[in-house]
Every structure is written in C-alpha cells, then in structure tokens.
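The structure file entry-v4.txt is reproduced below (compact mmCIF, N, CA and C atoms).
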```txt
# COMPACT_ATOMS: atom_id res chain seq x y z
N MET A 81 1.84 -38.17 4.50
CA MET A 81 1.72 -36.73 4.44
C MET A 81 0.35 -36.32 4.95
N ARG A 82 0.32 -35.33 5.82
CA ARG A 82 -0.92 -34.83 6.40
C ARG A 82 -1.57 -33.82 5.46
N THR A 83 -2.85 -33.97 5.22
CA THR A 83 -3.55 -33.01 4.39
C THR A 83 -4.30 -32.02 5.27
N VAL A 84 -4.41 -30.80 4.81
CA VAL A 84 -5.10 -29.75 5.55
C VAL A 84 -6.47 -29.55 4.92
N GLN A 85 -7.50 -29.61 5.75
CA GLN A 85 -8.85 -29.41 5.26
C GLN A 85 -9.15 -27.92 5.24
N GLU A 86 -9.66 -27.44 4.13
CA GLU A 86 -9.99 -26.03 3.95
C GLU A 86 -11.40 -25.78 4.47
N HIS A 87 -11.55 -24.83 5.40
CA HIS A 87 -12.85 -24.52 5.97
C HIS A 87 -13.41 -23.19 5.45
N ARG A 88 -12.64 -22.44 4.71
CA ARG A 88 -13.10 -21.14 4.24
C ARG A 88 -14.19 -21.27 3.19
N ARG A 89 -15.13 -20.35 3.24
CA ARG A 89 -16.20 -20.32 2.25
C ARG A 89 -15.85 -19.43 1.06
N SER A 90 -14.88 -18.54 1.24
CA SER A 90 -14.48 -17.65 0.15
C SER A 90 -12.97 -17.69 -0.02
N ALA A 91 -12.55 -17.41 -1.24
CA ALA A 91 -11.11 -17.43 -1.57
C ALA A 91 -10.39 -16.31 -0.84
N ARG A 92 -9.10 -16.53 -0.58
CA ARG A 92 -8.24 -15.50 0.00
C ARG A 92 -7.24 -15.05 -1.04
N PHE A 93 -6.86 -13.77 -0.98
CA PHE A 93 -5.94 -13.18 -1.93
C PHE A 93 -4.79 -12.51 -1.18
N LYS A 94 -3.56 -12.70 -1.68
CA LYS A 94 -2.38 -12.07 -1.08
C LYS A 94 -2.47 -10.56 -1.24
N THR A 95 -2.13 -9.84 -0.20
CA THR A 95 -2.16 -8.38 -0.27
C THR A 95 -0.90 -7.86 -0.95
N SER A 96 -1.02 -6.67 -1.51
CA SER A 96 0.13 -6.01 -2.12
C SER A 96 0.30 -4.66 -1.44
N GLY A 97 1.54 -4.29 -1.17
CA GLY A 97 1.80 -3.04 -0.45
C GLY A 97 1.74 -3.26 1.05
N CYS A 98 1.80 -2.17 1.77
CA CYS A 98 1.78 -2.21 3.23
C CYS A 98 0.34 -2.07 3.71
N ILE A 99 -0.25 -3.15 4.21
CA ILE A 99 -1.62 -3.16 4.70
C ILE A 99 -1.58 -3.58 6.17
N LEU A 100 -2.15 -2.76 7.04
CA LEU A 100 -2.15 -3.04 8.48
C LEU A 100 -3.57 -3.16 8.99
N VAL A 101 -3.74 -3.90 10.08
CA VAL A 101 -5.05 -4.07 10.70
C VAL A 101 -4.93 -3.73 12.18
N SER A 102 -5.95 -3.07 12.72
CA SER A 102 -6.07 -2.86 14.16
C SER A 102 -7.44 -3.36 14.59
N LEU A 103 -7.47 -4.13 15.66
CA LEU A 103 -8.70 -4.74 16.13
C LEU A 103 -9.17 -4.08 17.40
N GLY A 104 -10.45 -3.77 17.47
CA GLY A 104 -11.02 -3.18 18.67
C GLY A 104 -10.42 -1.83 18.98
N ASP A 105 -10.27 -1.54 20.25
CA ASP A 105 -9.72 -0.26 20.68
C ASP A 105 -8.20 -0.30 20.85
N ASP A 106 -7.58 -1.43 20.51
CA ASP A 106 -6.13 -1.57 20.65
C ASP A 106 -5.40 -0.65 19.68
N SER A 107 -4.31 -0.10 20.13
CA SER A 107 -3.46 0.67 19.22
C SER A 107 -2.41 -0.24 18.58
N ARG A 108 -2.47 -1.52 18.89
CA ARG A 108 -1.54 -2.49 18.33
C ARG A 108 -1.94 -2.83 16.91
N LEU A 109 -0.94 -2.97 16.05
CA LEU A 109 -1.19 -3.24 14.64
C LEU A 109 -0.62 -4.59 14.23
N GLY A 110 -1.24 -5.18 13.23
CA GLY A 110 -0.74 -6.40 12.62
C GLY A 110 -0.64 -6.20 11.12
N GLU A 111 0.21 -6.97 10.46
CA GLU A 111 0.37 -6.90 9.01
C GLU A 111 -0.59 -7.89 8.35
N VAL A 112 -1.45 -7.39 7.46
CA VAL A 112 -2.40 -8.25 6.76
C VAL A 112 -1.63 -9.09 5.74
N LEU A 113 -1.83 -10.40 5.78
CA LEU A 113 -1.16 -11.32 4.87
C LEU A 113 -2.03 -11.68 3.68
N ASP A 114 -3.30 -11.95 3.96
CA ASP A 114 -4.24 -12.23 2.88
C ASP A 114 -5.64 -11.83 3.34
N VAL A 115 -6.52 -11.63 2.36
CA VAL A 115 -7.87 -11.17 2.66
C VAL A 115 -8.84 -11.75 1.64
N GLY A 116 -10.05 -11.98 2.07
CA GLY A 116 -11.11 -12.45 1.19
C GLY A 116 -12.42 -11.85 1.67
N LEU A 117 -13.50 -12.18 1.00
CA LEU A 117 -14.79 -11.64 1.38
C LEU A 117 -15.27 -12.16 2.73
N GLY A 118 -14.69 -13.28 3.18
CA GLY A 118 -15.11 -13.85 4.46
C GLY A 118 -14.23 -13.50 5.64
N GLY A 119 -13.00 -13.01 5.40
CA GLY A 119 -12.12 -12.69 6.51
C GLY A 119 -10.71 -12.38 6.05
N LEU A 120 -9.78 -12.36 6.99
CA LEU A 120 -8.38 -12.07 6.67
C LEU A 120 -7.46 -12.76 7.66
N ALA A 121 -6.20 -12.87 7.27
CA ALA A 121 -5.15 -13.38 8.15
C ALA A 121 -4.12 -12.27 8.32
N PHE A 122 -3.55 -12.19 9.52
CA PHE A 122 -2.52 -11.18 9.78
C PHE A 122 -1.44 -11.74 10.68
N ARG A 123 -0.31 -11.05 10.70
CA ARG A 123 0.85 -11.42 11.52
C ARG A 123 1.16 -10.25 12.44
N CYS A 124 1.55 -10.59 13.69
CA CYS A 124 1.97 -9.56 14.65
C CYS A 124 3.04 -10.15 15.56
N ILE A 125 3.73 -9.31 16.28
CA ILE A 125 4.75 -9.74 17.23
C ILE A 125 4.06 -10.33 18.45
N ALA A 126 4.52 -11.49 18.92
CA ALA A 126 3.94 -12.13 20.10
C ALA A 126 4.03 -11.17 21.28
N GLY A 127 2.96 -11.09 22.04
CA GLY A 127 2.87 -10.15 23.15
C GLY A 127 2.24 -8.85 22.73
N GLU A 128 2.17 -8.61 21.42
CA GLU A 128 1.54 -7.40 20.88
C GLU A 128 0.23 -7.72 20.18
N GLU A 129 -0.21 -8.99 20.27
CA GLU A 129 -1.45 -9.35 19.60
C GLU A 129 -2.63 -8.63 20.25
N PRO A 130 -3.67 -8.40 19.47
CA PRO A 130 -4.84 -7.70 20.01
C PRO A 130 -5.45 -8.45 21.18
N SER A 131 -6.05 -7.73 22.11
CA SER A 131 -6.59 -8.33 23.32
C SER A 131 -8.04 -8.77 23.16
N THR A 132 -8.63 -8.57 22.00
CA THR A 132 -10.04 -8.90 21.81
C THR A 132 -10.21 -10.01 20.78
N THR A 133 -11.24 -10.83 20.93
CA THR A 133 -11.52 -11.88 19.95
C THR A 133 -12.84 -11.63 19.23
N LEU A 134 -13.53 -10.55 19.58
CA LEU A 134 -14.80 -10.21 18.98
C LEU A 134 -14.94 -8.69 19.02
N GLY A 135 -15.34 -8.08 17.93
CA GLY A 135 -15.49 -6.63 17.91
C GLY A 135 -15.46 -6.09 16.50
N THR A 136 -14.81 -4.94 16.34
CA THR A 136 -14.66 -4.33 15.03
C THR A 136 -13.18 -4.11 14.74
N LEU A 137 -12.86 -4.02 13.44
CA LEU A 137 -11.48 -3.79 13.04
C LEU A 137 -11.41 -2.69 12.00
N ASP A 138 -10.23 -2.10 11.88
CA ASP A 138 -9.93 -1.11 10.85
C ASP A 138 -8.76 -1.63 10.02
N VAL A 139 -8.80 -1.38 8.71
CA VAL A 139 -7.71 -1.74 7.81
C VAL A 139 -7.08 -0.45 7.32
N HIS A 140 -5.76 -0.35 7.47
CA HIS A 140 -5.01 0.86 7.11
C HIS A 140 -4.08 0.54 5.93
N CYS A 141 -4.11 1.39 4.91
CA CYS A 141 -3.30 1.17 3.70
C CYS A 141 -2.29 2.28 3.54
N ASN A 142 -1.21 1.98 2.83
CA ASN A 142 -0.17 2.98 2.61
C ASN A 142 -0.63 4.11 1.69
N ASP A 143 -1.72 3.93 0.94
CA ASP A 143 -2.21 4.98 0.06
C ASP A 143 -3.36 5.76 0.68
N GLY A 144 -3.64 5.51 1.95
CA GLY A 144 -4.66 6.27 2.66
C GLY A 144 -6.04 5.62 2.66
N LEU A 145 -6.30 4.66 1.77
CA LEU A 145 -7.58 3.98 1.77
C LEU A 145 -7.72 3.18 3.05
N CYS A 146 -8.89 3.22 3.64
CA CYS A 146 -9.06 2.55 4.93
C CYS A 146 -10.47 1.99 5.02
N LEU A 147 -10.56 0.81 5.57
CA LEU A 147 -11.86 0.21 5.90
C LEU A 147 -12.04 0.37 7.41
N LYS A 148 -13.19 0.86 7.81
CA LYS A 148 -13.41 1.14 9.24
C LYS A 148 -14.58 0.34 9.79
N ASN A 149 -14.42 -0.05 11.04
CA ASN A 149 -15.48 -0.65 11.83
C ASN A 149 -16.12 -1.89 11.20
N LEU A 150 -15.28 -2.78 10.65
CA LEU A 150 -15.80 -4.04 10.12
C LEU A 150 -15.96 -5.02 11.29
N PRO A 151 -17.16 -5.55 11.51
CA PRO A 151 -17.33 -6.51 12.61
C PRO A 151 -16.60 -7.82 12.32
N PHE A 152 -16.01 -8.42 13.36
CA PHE A 152 -15.23 -9.64 13.17
C PHE A 152 -15.33 -10.53 14.40
N LYS A 153 -14.88 -11.78 14.21
CA LYS A 153 -14.59 -12.66 15.34
C LYS A 153 -13.30 -13.41 15.00
N MET A 154 -12.45 -13.56 16.01
CA MET A 154 -11.19 -14.27 15.86
C MET A 154 -11.48 -15.76 15.75
N ILE A 155 -10.91 -16.40 14.72
CA ILE A 155 -11.12 -17.82 14.50
C ILE A 155 -9.94 -18.64 15.01
N TRP A 156 -8.73 -18.18 14.77
CA TRP A 156 -7.55 -18.90 15.24
C TRP A 156 -6.40 -17.93 15.48
N ASN A 157 -5.44 -18.36 16.30
CA ASN A 157 -4.29 -17.54 16.68
C ASN A 157 -3.18 -18.51 17.08
N ARG A 158 -2.04 -18.47 16.40
CA ARG A 158 -0.96 -19.41 16.74
C ARG A 158 0.41 -18.77 16.50
N GLY A 159 1.39 -19.28 17.23
CA GLY A 159 2.76 -18.82 17.06
C GLY A 159 3.37 -19.40 15.80
N ILE A 160 4.27 -18.64 15.18
CA ILE A 160 4.99 -19.12 14.00
C ILE A 160 6.47 -18.82 14.17
N SER A 161 7.30 -19.58 13.48
CA SER A 161 8.75 -19.37 13.53
C SER A 161 9.18 -18.57 12.32
N ASP A 162 9.95 -17.53 12.58
CA ASP A 162 10.51 -16.75 11.49
C ASP A 162 11.85 -17.33 11.09
N PRO A 163 12.24 -17.18 9.83
CA PRO A 163 13.54 -17.71 9.39
C PRO A 163 14.69 -16.88 9.94
N PRO A 164 15.87 -17.48 10.09
CA PRO A 164 17.05 -16.70 10.51
C PRO A 164 17.30 -15.58 9.51
N PRO A 165 17.78 -14.44 9.86
CA PRO A 165 18.25 -14.04 11.19
C PRO A 165 17.16 -13.46 12.07
N PHE A 166 15.89 -13.58 11.70
CA PHE A 166 14.80 -12.98 12.46
C PHE A 166 14.17 -13.94 13.45
N ASP A 167 14.75 -15.12 13.65
CA ASP A 167 14.14 -16.13 14.50
C ASP A 167 14.16 -15.76 15.99
N TYR A 168 14.83 -14.69 16.37
CA TYR A 168 14.80 -14.25 17.76
C TYR A 168 13.53 -13.46 18.07
N ILE A 169 12.79 -13.07 17.04
CA ILE A 169 11.52 -12.38 17.22
C ILE A 169 10.41 -13.42 17.07
N ILE A 170 9.62 -13.57 18.10
CA ILE A 170 8.52 -14.54 18.06
C ILE A 170 7.28 -13.81 17.53
N THR A 171 6.71 -14.35 16.46
CA THR A 171 5.52 -13.74 15.90
C THR A 171 4.34 -14.69 16.00
N LYS A 172 3.17 -14.11 15.87
CA LYS A 172 1.94 -14.89 15.86
C LYS A 172 1.21 -14.59 14.56
N ARG A 173 0.44 -15.55 14.13
CA ARG A 173 -0.41 -15.38 12.96
C ARG A 173 -1.83 -15.68 13.41
N ALA A 174 -2.77 -14.88 12.95
CA ALA A 174 -4.16 -15.05 13.37
C ALA A 174 -5.09 -14.93 12.18
N GLY A 175 -6.23 -15.57 12.29
CA GLY A 175 -7.26 -15.50 11.26
C GLY A 175 -8.56 -15.00 11.86
N ILE A 176 -9.18 -14.06 11.16
CA ILE A 176 -10.45 -13.54 11.63
C ILE A 176 -11.51 -13.76 10.56
N GLN A 177 -12.74 -13.81 11.00
CA GLN A 177 -13.88 -13.95 10.10
C GLN A 177 -14.71 -12.68 10.22
N PHE A 178 -15.09 -12.09 9.07
CA PHE A 178 -15.99 -10.95 9.11
C PHE A 178 -17.36 -11.43 9.56
N ASP A 179 -18.06 -10.59 10.31
CA ASP A 179 -19.31 -10.99 10.93
C ASP A 179 -20.41 -9.99 10.60
N ASP A 180 -21.38 -10.39 9.79
CA ASP A 180 -22.55 -9.56 9.46
C ASP A 180 -22.20 -8.19 8.89
N LEU A 181 -21.47 -8.18 7.77
CA LEU A 181 -21.15 -6.92 7.10
C LEU A 181 -22.40 -6.36 6.44
N THR A 182 -22.52 -5.03 6.46
CA THR A 182 -23.61 -4.38 5.73
C THR A 182 -23.31 -4.42 4.24
N GLN A 183 -24.27 -4.08 3.41
CA GLN A 183 -24.04 -4.04 1.96
C GLN A 183 -22.97 -3.01 1.62
N LYS A 184 -22.98 -1.88 2.31
CA LYS A 184 -21.98 -0.83 2.07
C LYS A 184 -20.57 -1.32 2.46
N GLN A 185 -20.46 -2.01 3.60
CA GLN A 185 -19.17 -2.55 4.02
C GLN A 185 -18.68 -3.62 3.05
N MET A 186 -19.58 -4.46 2.55
CA MET A 186 -19.21 -5.50 1.60
C MET A 186 -18.73 -4.87 0.28
N ALA A 187 -19.39 -3.82 -0.17
CA ALA A 187 -18.97 -3.13 -1.39
C ALA A 187 -17.58 -2.51 -1.20
N SER A 188 -17.35 -1.91 -0.03
CA SER A 188 -16.02 -1.32 0.26
C SER A 188 -14.96 -2.41 0.32
N LEU A 189 -15.28 -3.55 0.89
CA LEU A 189 -14.34 -4.66 0.97
C LEU A 189 -14.00 -5.18 -0.43
N ARG A 190 -14.99 -5.29 -1.31
CA ARG A 190 -14.73 -5.72 -2.69
C ARG A 190 -13.80 -4.74 -3.41
N ARG A 191 -14.04 -3.44 -3.25
CA ARG A 191 -13.16 -2.42 -3.86
C ARG A 191 -11.74 -2.55 -3.31
N PHE A 192 -11.63 -2.74 -2.01
CA PHE A 192 -10.33 -2.90 -1.37
C PHE A 192 -9.60 -4.11 -1.95
N ILE A 193 -10.27 -5.24 -2.07
CA ILE A 193 -9.64 -6.45 -2.60
C ILE A 193 -9.20 -6.24 -4.04
N ARG A 194 -10.03 -5.61 -4.85
CA ARG A 194 -9.64 -5.36 -6.25
C ARG A 194 -8.41 -4.47 -6.36
N SER A 195 -8.28 -3.49 -5.48
CA SER A 195 -7.18 -2.54 -5.62
C SER A 195 -5.95 -2.86 -4.77
N HIS A 196 -6.04 -3.78 -3.81
CA HIS A 196 -4.91 -4.01 -2.90
C HIS A 196 -4.50 -5.49 -2.78
N THR A 197 -4.97 -6.33 -3.71
CA THR A 197 -4.55 -7.72 -3.68
C THR A 197 -4.18 -8.17 -5.09
N THR A 198 -3.85 -9.43 -5.20
CA THR A 198 -3.38 -9.99 -6.46
C THR A 198 -4.49 -10.53 -7.34
N ALA A 199 -5.76 -10.40 -6.91
CA ALA A 199 -6.85 -10.98 -7.70
C ALA A 199 -8.14 -10.19 -7.55
N ASP A 200 -9.13 -10.53 -8.37
CA ASP A 200 -10.44 -9.91 -8.35
C ASP A 200 -11.40 -10.82 -7.58
N PRO A 201 -12.08 -10.31 -6.55
CA PRO A 201 -12.95 -11.17 -5.73
C PRO A 201 -14.18 -11.67 -6.47
N GLU A 202 -14.49 -11.11 -7.62
CA GLU A 202 -15.68 -11.53 -8.36
C GLU A 202 -15.41 -12.74 -9.23
N ASN A 203 -14.14 -13.09 -9.43
CA ASN A 203 -13.80 -14.22 -10.32
C ASN A 203 -13.22 -15.37 -9.54
```

What does the file become when written as structure tokens?
Amino acid sequence: MRTVQEHRRSARFKTSGCILVSLGDDSRLGEVLDVGLGGLAFRCIAGEEPSTTLGTLDVHCNDGLCLKNLPFKMIWNRGISDPPPFDYIITKRAGIQFDDLTQKQMASLRRFIRSHTTADPEN
C-alpha cells in the first residue's frame, strides 16, 4: 500500500454550504472543497480551470460573505474521475497556497473558517 506524505503546514477543514472561488481576473469559478489557514483545494470542470498560477483570489459564499484579493500561488492541478452517471464530465482538482496574507486578511480567513467549515482553525 502506498502512503501519501502530508506537506501542509496547517490543517484543512471541509466547507459547508456553497462556497466558490475565482482566481485572478478570470470569470471562471471553482467549488471550494476544503480550506485552511495555509490554502484551499477546489474542483472545476476541465477546460474551465483558471488560467493563472499566481495572483489573487476571491471567495464567494451563498450568504454573501466574501474574501477578496487574497494572494495565492497554485501548488498542484490534476484531473479526477467523477462517479457514474457524471463520469462524462471531466473535472480537475487544484490546490493553492495563500501567499503573504496581511493580518487583516488572516483575521478574515479565520472568521470565514469558523463560520463556513466543520471546525475551528484555532484548535
């Protein structure tokens, strides 16, 4: 059995509700799967993935709360298989790392994690 080495410095938490991410100036959106103080993972339809690997991102929530202009860099991007009957849609999953957040951005991210995920980032 192959073991996966964990490279993250901070824990990730599953999101609750409809949380979307847009990277850079793209109008393309991805669904946030999990988020932590160090970064997030999202899923998007192949061919619709963002065109940038470095820049800023916005997080959009169904309740109107939004994180804006968080600096990031793309760490990984790979195709995934969806289960039937959705296997005709090719999706990609990507991981980004937050890059040099200000204290205000970090405080906003902590509030977001407390209110839109399954855990508290302080514990």

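With all atoms listed in the file as the basis for measurement, A:Leu103 is the residue among A:Leu103, A:Ile176, A:Leu113, A:Cys98 that approaches Thr132 of chain A most closely.
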
#### Entry: Filtered DSSP result for segment 88-187 of chain A, state strand (DSSP E or B), as number ranges by chain
A: 93-95, 99-103, 110-115, 119-125, 134-141, 146-160, 171-178

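Across A:Leu145, A:Asp179, A:Leu150, A:Gly135, the tightest approach to Phe192 of chain A is made by A:Leu145 when counting all atoms listed in the file.
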
### Task
Rank nothing, just name the residue among A:Pro151, A:Gly144, A:Thr198, A:Ser90 nearest to Thr182 of chain A, using only N, CA and C atoms.
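Answer, going by the shortest atom-to-atom distance: A:Pro151.
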
## Note on the structure
Using only C-alpha atoms, the residue out of A:Lys153, A:Arg173, A:Arg92, A:His140 with shortest distance to Phe122 of chain A is A:Arg173

### Task
Identify, on the basis of only N, CA and C atoms, every residue whose closest approach to Ala126 of chain A does not exceed 5 Å; exclude the query and any residue fewer than 3 positions from it along the same chain; express the result as a list in words.
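Those residues are Glu129, Ile170, Thr171 and Lys172 of chain A.
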
### Query
At what distance in Å, to one decimal, does atom C of Gly175 of chain A lie from atom CA of Gly119 of chain A?
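Answer for the atom CA of Gly119 of chain A to atom C of Gly175 of chain A separation: 6.8 Å.
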
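Taking all atoms listed in the file into account, Thr95 of chain A lies nearest to A:His196 out of the set A:Arg108, A:Gly159, A:Met186, A:His196.
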
### Query
Contacts of Asn149 of chain A at 5 Å or less, counting all atoms listed in the file, minus same-chain residues fewer than 3 places along, as a PyMOL selection string?
chain A and resi 136-138

### Message
List the spatial neighbours of Asn142 of chain A as a ChimeraX atom specification - criterion: any atom at most 8 Å away, all atoms listed in the file, same-chain residues fewer than 5 positions off excluded.
### Response
/A:97-100

Would you save the residues from that selection as a PDB file, in the frame of the given file, using N, CA and C atoms?
```pdb
ATOM      1  N   GLY A  97       1.540  -4.290  -1.170  1.00  0.00           N
ATOM      2  CA  GLY A  97       1.800  -3.040  -0.450  1.00  0.00           C
ATOM      3  C   GLY A  97       1.740  -3.260   1.050  1.00  0.00           C
ATOM      4  N   CYS A  98       1.800  -2.170   1.770  1.00  0.00           N
ATOM      5  CA  CYS A  98       1.780  -2.210   3.230  1.00  0.00           C
ATOM      6  C   CYS A  98       0.340  -2.070   3.710  1.00  0.00           C
ATOM      7  N   ILE A  99      -0.250  -3.150   4.210  1.00  0.00           N
ATOM      8  CA  ILE A  99      -1.620  -3.160   4.700  1.00  0.00           C
ATOM      9  C   ILE A  99      -1.580  -3.580   6.170  1.00  0.00           C
ATOM     10  N   LEU A 100      -2.150  -2.760   7.040  1.00  0.00           N
ATOM     11  CA  LEU A 100      -2.150  -3.040   8.480  1.00  0.00           C
ATOM     12  C   LEU A 100      -3.570  -3.160   8.990  1.00  0.00           C
TER      13      LEU A 100
END
```

### Query
Which value, in Å to one decimal, gives the distance between atom CA of Arg191 of chain A and atom CA of Leu147 of chain A?
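One can read the atom CA of Arg191 of chain A to atom CA of Leu147 of chain A distance as 10.2 Å.
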
### Query
What is the atom N of Asp105 of chain A-atom CA of Trp156 of chain A distance in Å, reported with one decimal?
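Computing it gives 18.3 Å between the two atoms.
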
Once 3 Å is added on each side, what centre and edge lengths in Å to one decimal does the axis-aligned box around all listed atoms of segment 185-198 of chain A have, as lines of an AutoDock Vina configuration file?
```
center_x = -11.9
center_y = -5.9
center_z = -1.7
size_x = 23.1
size_y = 15.2
size_z = 17.4
```

### Query
When distances are computed from only N, CA and C atoms, which of A:Asp114, A:Asp106, A:Asp143, A:Glu128 shows the smallest separation from Thr197 of chain A?
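So, comparing all the options, the nearest one is A:Asp114.
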
### Task
Write out as a list of chain:residue names all residues of chain A that DSSP puts in helix (DSSP H, G or I) for this structure's backbone.
A:Gln183, A:Lys184, A:Gln185, A:Met186, A:Ala187, A:Ser188, A:Leu189, A:Arg190, A:Arg191, A:Phe192, A:Ile193, A:Arg194, A:Ser195, A:His196
